[in-house]
Structures are given as C-alpha cells and as structure tokens.
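> Once you've had a glance at the structure underneath, I'll fire off some questions.
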Amino acid sequence: MISVFRRNRIFKGNYPAFSPYDRLALKMIVRSIHKPFKRIIEIGSWAGNGSTAAIIEELHKGEGLLYCVDTWKGTRNVKRHQDMVREYDMFGTFMHNVAKVRGQDFVKPLVMSSQDAASVMSDNVFDLVFIDADHAYDETLKDIRLWMPKVAPGGIICGHDCEARPEDAGRERLMQHKDEDSIDGNEVFLKFHPGVILAVDECFKSECHLWAYDEITLDDGVVGKSAIKKKKKS
C-alpha cells in the first residue's frame, strides 16, 4: 500500500533543469512568432515546470495551442528520472504544473513516444517545435529529422541543452560520451550534453543560432547565458 501511495504522489520539489536564462530565451523565441494563433509542439515535457511553463506564459498573451509529447516514463539513461518515476506520478505532476500556470485549456498532452507522435502529425504545421527529450546522440538526431518536416515554412525548430559548438567543447571528448545524457562542462555551463551538441552540429552546422554565445539580461539586471538553440525553416 505504501508503494502504491508513493507512485501516486505529485513531485513538488525543486527540479533545476531549466534556468532563468533558458526561460527568457525561449519566451523571446515565442514572441518572435507574429501570428494571431500559434501552433507549438514540445517534444519532452517531463514535469511541465520548465519550458512548458515558459511557453504557456507567453501563450496567455495571445491565442495558441501547445501539444506536449512525452511518455512520462523518464529518459532511460538519466538516473534521477528513473528514481522519480518509481516515487512519483510524473504525468500527474505535469498536469499539476500546467494547472498552476493556467494552461490546461490550451495544452494538449500526447502520452506517446516522439516517433509515434511524429507519425500522426502532418508536415508543415507547427510555428515552433521545441525538442528536449532523450539527449543521446542517435535519439537527438532522430528527433531533429522526425520533426523538421513538421515545422511550417518560416517556422522555428529549437531545443535545449546545446551548450557549445563541437570545436569549442572538444569534439573528440564529445564523441567518446555521445550516448550519455551529460558530462562535466565549464565555468558557464556545469554540464555539457554531448549528443545534443553533436547532433545539432551535424544537422545545421553554423546555420543554427546558439544562445550559449549570447549574453541574456534578466529583468533584475543579472546577465547570463542560455543553452537554447534555434533554427528557422526557410
């Protein structure tokens, strides 16, 4: 009975996976979509209090729809995900956090894999595709290739956890750890995500804008950098 109770609990602790600089960068990207009705899909939503909440806060300022794709079973190579799945109801946690920011009326959760979701979505539909799922190289590469056709002309594909270009992060080291979720980073980003860095470079080269090379100033004047990447579809 205790174990059943634990699996039904909502996770209300701190989950520091999305920084204030990431939130602002993503909000700026959503604001750049000059359409009265925005169609957005997020691949990898997890607890719903990071990128999901940031997008919801922007959609409150205009009409839009946000699809959230996740199995809510956790990423296979992230131990804390698997620990949380054993202890908490992560889909319930997601819905709880969506309700906290009043997004339940325009958030549509899709409890399925990225590949299954892509198979039922039409091409050239979304104004913004945000990818933050499995960070292993093969999975990130697959997600980019699956979802790029779903972006509408002039739309944006972007995502999280791209902290540098391979030449600055050390390509050989990244290749050695490309199947891992993350490795030690630098003084700006404590963690690098090798698979993401390599996959983004392979798909987009210098055409992808990395916010890791920009300074972002928060409302309180504090300056930092974000691991958000962005590519506009022609």
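We label chains A, B, ... in the order they appear in the structure tokens, count residues from 1 in each chain, and number ligands from 1 in the order shown.
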At most 12 Å is the cut-off: for each residue in stretch 54-132 of chain A with any atom that close to an atom of stretch 156-163 of chain A, write down the nearest atom pair and the distance in Å rounded to one decimal, counting only C-alpha atoms, chain first then increasing number, as CSV.

residue,atom,partner,partner_atom,distance
A:Asn124,CA,A:Ile156,CA,10.9
A:Val125,CA,A:Ile156,CA,11.1
A:Phe126,CA,A:Ile156,CA,8.2
A:Asp127,CA,A:Ile156,CA,6.1
A:Leu128,CA,A:Ile156,CA,4.8
A:Val129,CA,A:Ile157,CA,4.8
A:Phe130,CA,A:Gly159,CA,4.9
A:Ile131,CA,A:Gly159,CA,4.4
A:Asp132,CA,A:His160,CA,5.5
> Compile the contact shell of A:Leu198 as a PyMOL selection string: residues with an atom at most 9 Å away, counting only C-alpha atoms, same-chain residues fewer than 5 positions apart removed.
chain A and resi 137+141+162+165-166+171+174-175+178+193+203
> Keeping only N, CA and C atoms, write the selected residues to a file as an mmCIF file, in the first residue's frame.

data_model
loop_
_atom_site.group_PDB
_atom_site.id
_atom_site.type_symbol
_atom_site.label_atom_id
_atom_site.label_comp_id
_atom_site.auth_asym_id
_atom_site.auth_seq_id
_atom_site.Cartn_x
_atom_site.Cartn_y
_atom_site.Cartn_z
ATOM 1 N N TYR A 137 23.013 10.939 -28.610
ATOM 2 C CA TYR A 137 23.249 11.413 -29.980
ATOM 3 C C TYR A 137 22.241 10.845 -30.990
ATOM 4 N N LEU A 141 19.413 13.116 -32.897
ATOM 5 C CA LEU A 141 19.458 13.184 -34.365
ATOM 6 C C LEU A 141 18.131 12.724 -34.951
ATOM 7 N N CYS A 162 22.110 22.654 -25.608
ATOM 8 C CA CYS A 162 23.189 22.753 -26.602
ATOM 9 C C CYS A 162 24.108 23.880 -26.133
ATOM 10 N N ARG A 165 29.499 24.732 -29.494
ATOM 11 C CA ARG A 165 29.767 24.043 -30.753
ATOM 12 C C ARG A 165 30.859 23.008 -30.495
ATOM 13 N N PRO A 166 30.886 21.921 -31.277
ATOM 14 C CA PRO A 166 31.854 20.852 -31.009
ATOM 15 C C PRO A 166 33.294 21.311 -30.936
ATOM 16 N N ARG A 171 35.539 18.076 -29.695
ATOM 17 C CA ARG A 171 34.776 17.087 -30.464
ATOM 18 C C ARG A 171 35.118 15.649 -30.070
ATOM 19 N N LEU A 174 33.476 14.745 -26.852
ATOM 20 C CA LEU A 174 32.035 14.607 -27.066
ATOM 21 C C LEU A 174 31.712 13.269 -27.721
ATOM 22 N N MET A 175 32.504 12.889 -28.718
ATOM 23 C CA MET A 175 32.263 11.624 -29.409
ATOM 24 C C MET A 175 32.396 10.441 -28.458
ATOM 25 N N LYS A 178 28.988 10.366 -26.462
ATOM 26 C CA LYS A 178 27.800 10.803 -27.200
ATOM 27 C C LYS A 178 26.517 10.085 -26.792
ATOM 28 N N HIS A 193 25.972 18.449 -22.916
ATOM 29 C CA HIS A 193 25.181 17.327 -23.410
ATOM 30 C C HIS A 193 25.757 16.930 -24.772
ATOM 31 N N CYS A 203 23.264 18.407 -38.157
ATOM 32 C CA CYS A 203 22.064 18.781 -38.908
ATOM 33 C C CYS A 203 22.109 20.207 -39.464
#
> From a DSSP pass on the backbone, collect the residues of stretch 8-179 of chain A flagged as strand (DSSP E or B) and hand them back as an NGL selection string.
:A and (37-43 or 63-70 or 107-111 or 126-131 or 151-159)
> Those residues you just picked out, can you put them in a file as a CSV table (one decimal), in the first residue's frame with N, CA and C atoms?

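This is the output file out05.csv:
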chain,number,residue,atom,x,y,z
A,37,PHE,N,-2.6,33.1,-34.0
A,37,PHE,CA,-2.8,31.8,-33.4
A,37,PHE,C,-1.5,31.0,-33.6
A,38,LYS,N,-0.8,30.6,-32.6
A,38,LYS,CA,0.4,29.9,-32.7
A,38,LYS,C,0.2,28.5,-32.4
A,39,ARG,N,0.8,27.6,-33.3
A,39,ARG,CA,0.8,26.2,-33.1
A,39,ARG,C,2.2,25.7,-32.7
A,40,ILE,N,2.3,25.2,-31.5
A,40,ILE,CA,3.5,24.8,-30.9
A,40,ILE,C,3.5,23.4,-30.4
A,41,ILE,N,4.6,22.7,-30.6
A,41,ILE,CA,4.7,21.3,-30.1
A,41,ILE,C,6.0,21.2,-29.3
A,42,GLU,N,5.9,20.6,-28.2
A,42,GLU,CA,7.1,20.3,-27.3
A,42,GLU,C,7.4,18.8,-27.2
A,43,ILE,N,8.6,18.4,-27.6
A,43,ILE,CA,9.0,17.0,-27.5
A,43,ILE,C,9.8,16.8,-26.3
A,63,GLU,N,-3.6,34.0,-28.6
A,63,GLU,CA,-4.2,32.7,-28.9
A,63,GLU,C,-3.2,31.7,-29.3
A,64,GLY,N,-3.3,30.5,-28.9
A,64,GLY,CA,-2.4,29.4,-29.4
A,64,GLY,C,-2.7,28.1,-28.8
A,65,LEU,N,-2.0,27.1,-29.3
A,65,LEU,CA,-2.2,25.7,-28.8
A,65,LEU,C,-0.8,25.1,-28.6
A,66,LEU,N,-0.7,24.4,-27.5
A,66,LEU,CA,0.6,23.7,-27.2
A,66,LEU,C,0.4,22.2,-27.0
A,67,TYR,N,1.0,21.4,-27.9
A,67,TYR,CA,1.0,20.0,-27.8
A,67,TYR,C,2.2,19.6,-27.0
A,68,CYS,N,2.1,18.7,-26.0
A,68,CYS,CA,3.2,18.2,-25.2
A,68,CYS,C,3.4,16.7,-25.4
A,69,VAL,N,4.5,16.3,-25.9
A,69,VAL,CA,4.7,14.9,-26.2
A,69,VAL,C,5.7,14.3,-25.2
A,70,ASP,N,5.3,13.2,-24.5
A,70,ASP,CA,6.2,12.6,-23.6
A,70,ASP,C,5.6,11.3,-23.2
A,107,VAL,N,-3.3,23.4,-23.5
A,107,VAL,CA,-2.3,22.4,-23.5
A,107,VAL,C,-2.9,21.0,-23.8
A,108,LYS,N,-2.3,20.3,-24.8
A,108,LYS,CA,-2.8,19.0,-25.2
A,108,LYS,C,-1.7,18.0,-25.0
A,109,PRO,N,-1.7,17.2,-23.9
A,109,PRO,CA,-0.7,16.2,-23.7
A,109,PRO,C,-0.9,15.0,-24.6
A,110,LEU,N,0.2,14.5,-25.2
A,110,LEU,CA,0.2,13.3,-26.0
A,110,LEU,C,1.1,12.3,-25.4
A,111,VAL,N,0.5,11.3,-24.7
A,111,VAL,CA,1.3,10.3,-24.0
A,111,VAL,C,1.7,9.2,-25.0
A,126,PHE,N,3.6,23.3,-37.7
A,126,PHE,CA,3.9,24.0,-36.4
A,126,PHE,C,4.7,25.2,-36.6
A,127,ASP,N,4.3,26.3,-35.9
A,127,ASP,CA,5.1,27.5,-35.9
A,127,ASP,C,6.4,27.4,-35.1
A,128,LEU,N,6.3,26.5,-34.1
A,128,LEU,CA,7.5,26.2,-33.3
A,128,LEU,C,7.5,24.7,-32.8
A,129,VAL,N,8.6,24.1,-33.0
A,129,VAL,CA,8.9,22.7,-32.5
A,129,VAL,C,10.0,22.9,-31.5
A,130,PHE,N,9.8,22.5,-30.3
A,130,PHE,CA,10.8,22.6,-29.2
A,130,PHE,C,11.2,21.2,-28.8
A,131,ILE,N,12.4,20.8,-28.9
A,131,ILE,CA,12.9,19.4,-28.6
A,131,ILE,C,13.8,19.4,-27.4
A,151,VAL,N,7.7,21.5,-39.2
A,151,VAL,CA,7.8,22.9,-39.0
A,151,VAL,C,7.2,23.6,-40.2
A,152,ALA,N,6.3,24.6,-40.0
A,152,ALA,CA,5.8,25.3,-41.1
A,152,ALA,C,6.8,26.2,-41.8
A,153,PRO,N,6.7,26.5,-43.1
A,153,PRO,CA,7.6,27.4,-43.7
A,153,PRO,C,7.7,28.7,-42.9
A,154,GLY,N,8.9,29.2,-42.6
A,154,GLY,CA,9.1,30.4,-41.8
A,154,GLY,C,9.0,30.1,-40.3
A,155,GLY,N,8.7,28.8,-39.9
A,155,GLY,CA,8.6,28.5,-38.5
A,155,GLY,C,10.0,28.2,-37.9
A,156,ILE,N,10.0,27.7,-36.7
A,156,ILE,CA,11.3,27.6,-35.9
A,156,ILE,C,11.3,26.2,-35.3
A,157,ILE,N,12.5,25.6,-35.5
A,157,ILE,CA,12.8,24.4,-34.7
A,157,ILE,C,13.9,24.8,-33.7
A,158,CYS,N,13.7,24.4,-32.4
A,158,CYS,CA,14.6,24.8,-31.4
A,158,CYS,C,14.6,23.8,-30.3
A,159,GLY,N,15.5,24.0,-29.3
A,159,GLY,CA,15.5,23.0,-28.2
A,159,GLY,C,16.5,23.4,-27.2
> Would you please give, as a PyMOL selection string, all residues of stretch 5-216 of chain A that DSSP assigns to alpha helix (DSSP H) based on the backbone?
chain A and resi 5-7+20-31+51-59+79-87+90-100+114-120+137-147+166-169+171-176+194-204
> So how many Å separate atom CA of A:Ser206 and atom CA of A:Asp168, to one decimal?
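Straight-line distance from atom CA of A:Ser206 to atom CA of A:Asp168 works out to 13.0 Å.
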